[in-house]
Amino acid sequence: QFTLVESGGASVQPGESLTLSCVHSGVPVGYYAIGWFRQVPGRDREGVACIKLNNGDAGYAEHMKGRFIISLDKDTDAVYLQIKDLKSDDTGMYYCATRRFGCPPIYQTSGFYSPSDFRPWGQGTQVTVSS
């Protein structure tokens with residue numbers, strides 16, 4: 001059974017940076033990937049980044065690369081999402097989730113990874129950006 005625990009969410013001001021952590025256990029790193037998703041009020045859950053656990057190959061949703069950086073630490077079984085230059089639109093719950101056999105293609109309609117391609121999920125961590 002896989003477990004995913006997110007942490008690192010906080011209340012910050014616009015322009016600041018934040019690094020979220022997803023610690024996983026029981027996930028076969030040889031052929032699984034982990035994605036980071038955000039759910040902002042009024043919008044569907046959006047997959048912003050994904051990383052393969054065996055080699056660190058990463059992918060990003062359209063328009064997300066640059067401000068969002070996904071990385072992993074194999075020694076601690078952690079996947080991180082660094083968010084730079086936070087904006088009020090980034091406010092929401094951030095989740096990590098696993099996907100068998102690597103990262104899927106970006107969903108063309110939305111420009112994000114689709115949440116239906118990932119399971120199971122962590123409980124999420126809240127990010128609030130306001131001045």
# chains A, B, ... in the order shown; residues from 1 in each chain; ligands from 1
>>> residues_around(residues="A:Asp77", least_positions_apart="6", cutoff="8 Å", atoms="only C-alpha atoms", output="list in words")
Val23, His24 and Ser25 of chain A
>>> write_last_selection(atoms="N, CA, C and O atoms", output="mmCIF file, in the first residue's frame")
data_model
loop_
_atom_site.group_PDB
_atom_site.id
_atom_site.type_symbol
_atom_site.label_atom_id
_atom_site.label_comp_id
_atom_site.auth_asym_id
_atom_site.auth_seq_id
_atom_site.Cartn_x
_atom_site.Cartn_y
_atom_site.Cartn_z
ATOM 1 N N VAL A 23 6.511 13.102 0.768
ATOM 2 C CA VAL A 23 7.268 11.918 1.175
ATOM 3 C C VAL A 23 6.427 10.689 0.873
ATOM 4 O O VAL A 23 5.275 10.588 1.305
ATOM 5 N N HIS A 24 7.006 9.769 0.131
ATOM 6 C CA HIS A 24 6.255 8.583 -0.292
ATOM 7 C C HIS A 24 6.850 7.331 0.330
ATOM 8 O O HIS A 24 8.041 7.269 0.638
ATOM 9 N N SER A 25 6.017 6.341 0.504
ATOM 10 C CA SER A 25 6.489 5.036 0.968
ATOM 11 C C SER A 25 5.701 3.941 0.267
ATOM 12 O O SER A 25 4.524 4.130 -0.063
#
>>> residues_around(residues="A:Val12", least_positions_apart="2", cutoff="9 Å", atoms="only C-alpha atoms", output="ChimeraX atom specification")
/A:10,14-18,86,127-131
>>> residues_around(residues="A:Ala97", least_positions_apart="3", cutoff="8 Å", atoms="only C-alpha atoms", output="ChimeraX atom specification")
/A:4,34-37,118-122
>>> write_last_selection(atoms="N, CA and C atoms", output="PDB file, in the first residue's frame")
ATOM      1  N   LEU A   4       1.411   8.695   0.772  1.00  0.00           N
ATOM      2  CA  LEU A   4       1.988   9.955   0.330  1.00  0.00           C
ATOM      3  C   LEU A   4       1.625  11.019   1.362  1.00  0.00           C
ATOM      4  N   ILE A  34       5.714  10.490  -9.801  1.00  0.00           N
ATOM      5  CA  ILE A  34       4.876  11.267  -8.882  1.00  0.00           C
ATOM      6  C   ILE A  34       4.608  12.619  -9.508  1.00  0.00           C
ATOM      7  N   GLY A  35       3.363  13.014  -9.424  1.00  0.00           N
ATOM      8  CA  GLY A  35       2.964  14.316  -9.949  1.00  0.00           C
ATOM      9  C   GLY A  35       2.511  15.229  -8.833  1.00  0.00           C
ATOM     10  N   TRP A  36       2.672  16.507  -9.069  1.00  0.00           N
ATOM     11  CA  TRP A  36       2.147  17.533  -8.162  1.00  0.00           C
ATOM     12  C   TRP A  36       0.958  18.208  -8.828  1.00  0.00           C
ATOM     13  N   PHE A  37      -0.108  18.354  -8.060  1.00  0.00           N
ATOM     14  CA  PHE A  37      -1.336  18.959  -8.541  1.00  0.00           C
ATOM     15  C   PHE A  37      -1.720  20.109  -7.619  1.00  0.00           C
ATOM     16  N   PHE A 118      -3.653   9.555 -12.280  1.00  0.00           N
ATOM     17  CA  PHE A 118      -2.843   9.390 -11.083  1.00  0.00           C
ATOM     18  C   PHE A 118      -3.692   8.821  -9.936  1.00  0.00           C
ATOM     19  N   ARG A 119      -3.099   7.944  -9.180  1.00  0.00           N
ATOM     20  CA  ARG A 119      -3.673   7.418  -7.948  1.00  0.00           C
ATOM     21  C   ARG A 119      -2.622   6.566  -7.271  1.00  0.00           C
ATOM     22  N   PRO A 120      -2.597   6.487  -5.914  1.00  0.00           N
ATOM     23  CA  PRO A 120      -3.435   7.216  -4.989  1.00  0.00           C
ATOM     24  C   PRO A 120      -2.917   8.631  -4.724  1.00  0.00           C
ATOM     25  N   TRP A 121      -3.579   9.328  -3.818  1.00  0.00           N
ATOM     26  CA  TRP A 121      -3.305  10.720  -3.527  1.00  0.00           C
ATOM     27  C   TRP A 121      -2.942  10.916  -2.069  1.00  0.00           C
ATOM     28  N   GLY A 122      -2.163  11.980  -1.824  1.00  0.00           N
ATOM     29  CA  GLY A 122      -1.939  12.391  -0.453  1.00  0.00           C
ATOM     30  C   GLY A 122      -3.100  13.257   0.026  1.00  0.00           C
TER      31      GLY A 122
END
>>> closest_residue(among="A:Gln123, A:Gly92, A:Tyr113, A:Gly56", to="A:Pro41", atoms="only C-alpha atoms")
A:Gly92
>>> residues_around(residues="A:Ala49", least_positions_apart="3", cutoff="10 Å", atoms="only C-alpha atoms", output="MDAnalysis selection string")
chainID A and resid 34:38 46 58:62 64:65 68:71 81 96 103 106 112:113
>>> residues_around(residues="A:Thr19", least_positions_apart="6", cutoff="8 Å", atoms="only C-alpha atoms", output="VMD selection string")
chain A and resid 8 to 9 80 to 83
>>> atom_distance(atom1="atom CA of A:Met93", atom2="atom CA of A:Asn55")
27.2 Å
>>> closest_residue(among="A:Asn54, A:Thr3, A:Thr109, A:Thr91", to="A:Gly30", atoms="only C-alpha atoms")
A:Asn54
>>> select_by_dssp(residues="stretch 14-75 of chain A", states="strand (DSSP E)", output="NGL selection string")
:A and (18-25 or 32-39 or 46-52 or 58-60 or 68-73)
>>> atom_distance(atom1="atom CA of A:Arg45", atom2="atom CA of A:Asp89")
13.6 Å
>>> closest_residue(among="A:Cys22, A:Val48, A:Val40, A:Val5", to="A:Lys74", atoms="only C-alpha atoms")
A:Cys22
>>> closest_residue(among="A:Pro115, A:Gly26, A:Ser88, A:Glu6", to="A:Cys50", atoms="only C-alpha atoms")
A:Pro115
>>> residues_around(residues="A:Phe101", least_positions_apart="5", cutoff="10 Å", atoms="only C-alpha atoms", output="CSV table (one decimal) with N, CA, C and O atoms, in the first residue's frame")
chain,number,residue,atom,x,y,z
A,29,VAL,N,9.9,2.5,-7.0
A,29,VAL,CA,10.5,3.6,-7.7
A,29,VAL,C,11.0,3.2,-9.1
A,29,VAL,O,11.3,4.1,-9.9
A,30,GLY,N,11.1,2.0,-9.4
A,30,GLY,CA,11.7,1.5,-10.7
A,30,GLY,C,10.8,1.9,-11.9
A,30,GLY,O,11.3,2.2,-13.0
A,31,TYR,N,9.5,2.1,-11.7
A,31,TYR,CA,8.6,2.3,-12.8
A,31,TYR,C,7.4,3.2,-12.5
A,31,TYR,O,6.5,3.3,-13.2
A,32,TYR,N,7.5,4.0,-11.4
A,32,TYR,CA,6.5,4.9,-11.0
A,32,TYR,C,7.0,6.3,-11.1
A,32,TYR,O,8.2,6.6,-11.1
A,33,ALA,N,6.0,7.2,-11.3
A,33,ALA,CA,6.3,8.7,-11.3
A,33,ALA,C,5.4,9.3,-10.2
A,33,ALA,O,4.4,8.7,-9.8
A,52,LYS,N,9.7,11.2,-12.9
A,52,LYS,CA,10.0,9.8,-12.8
A,52,LYS,C,10.9,9.5,-11.7
A,52,LYS,O,12.0,10.1,-11.5
>>> closest_residue(among="A:Thr98, A:Gln13, A:Gln108, A:Gln39", to="A:Lys84", atoms="only C-alpha atoms")
A:Gln13
>>> atom_distance(atom1="atom CA of A:Gln1", atom2="atom CA of A:Val27")
7.9 Å
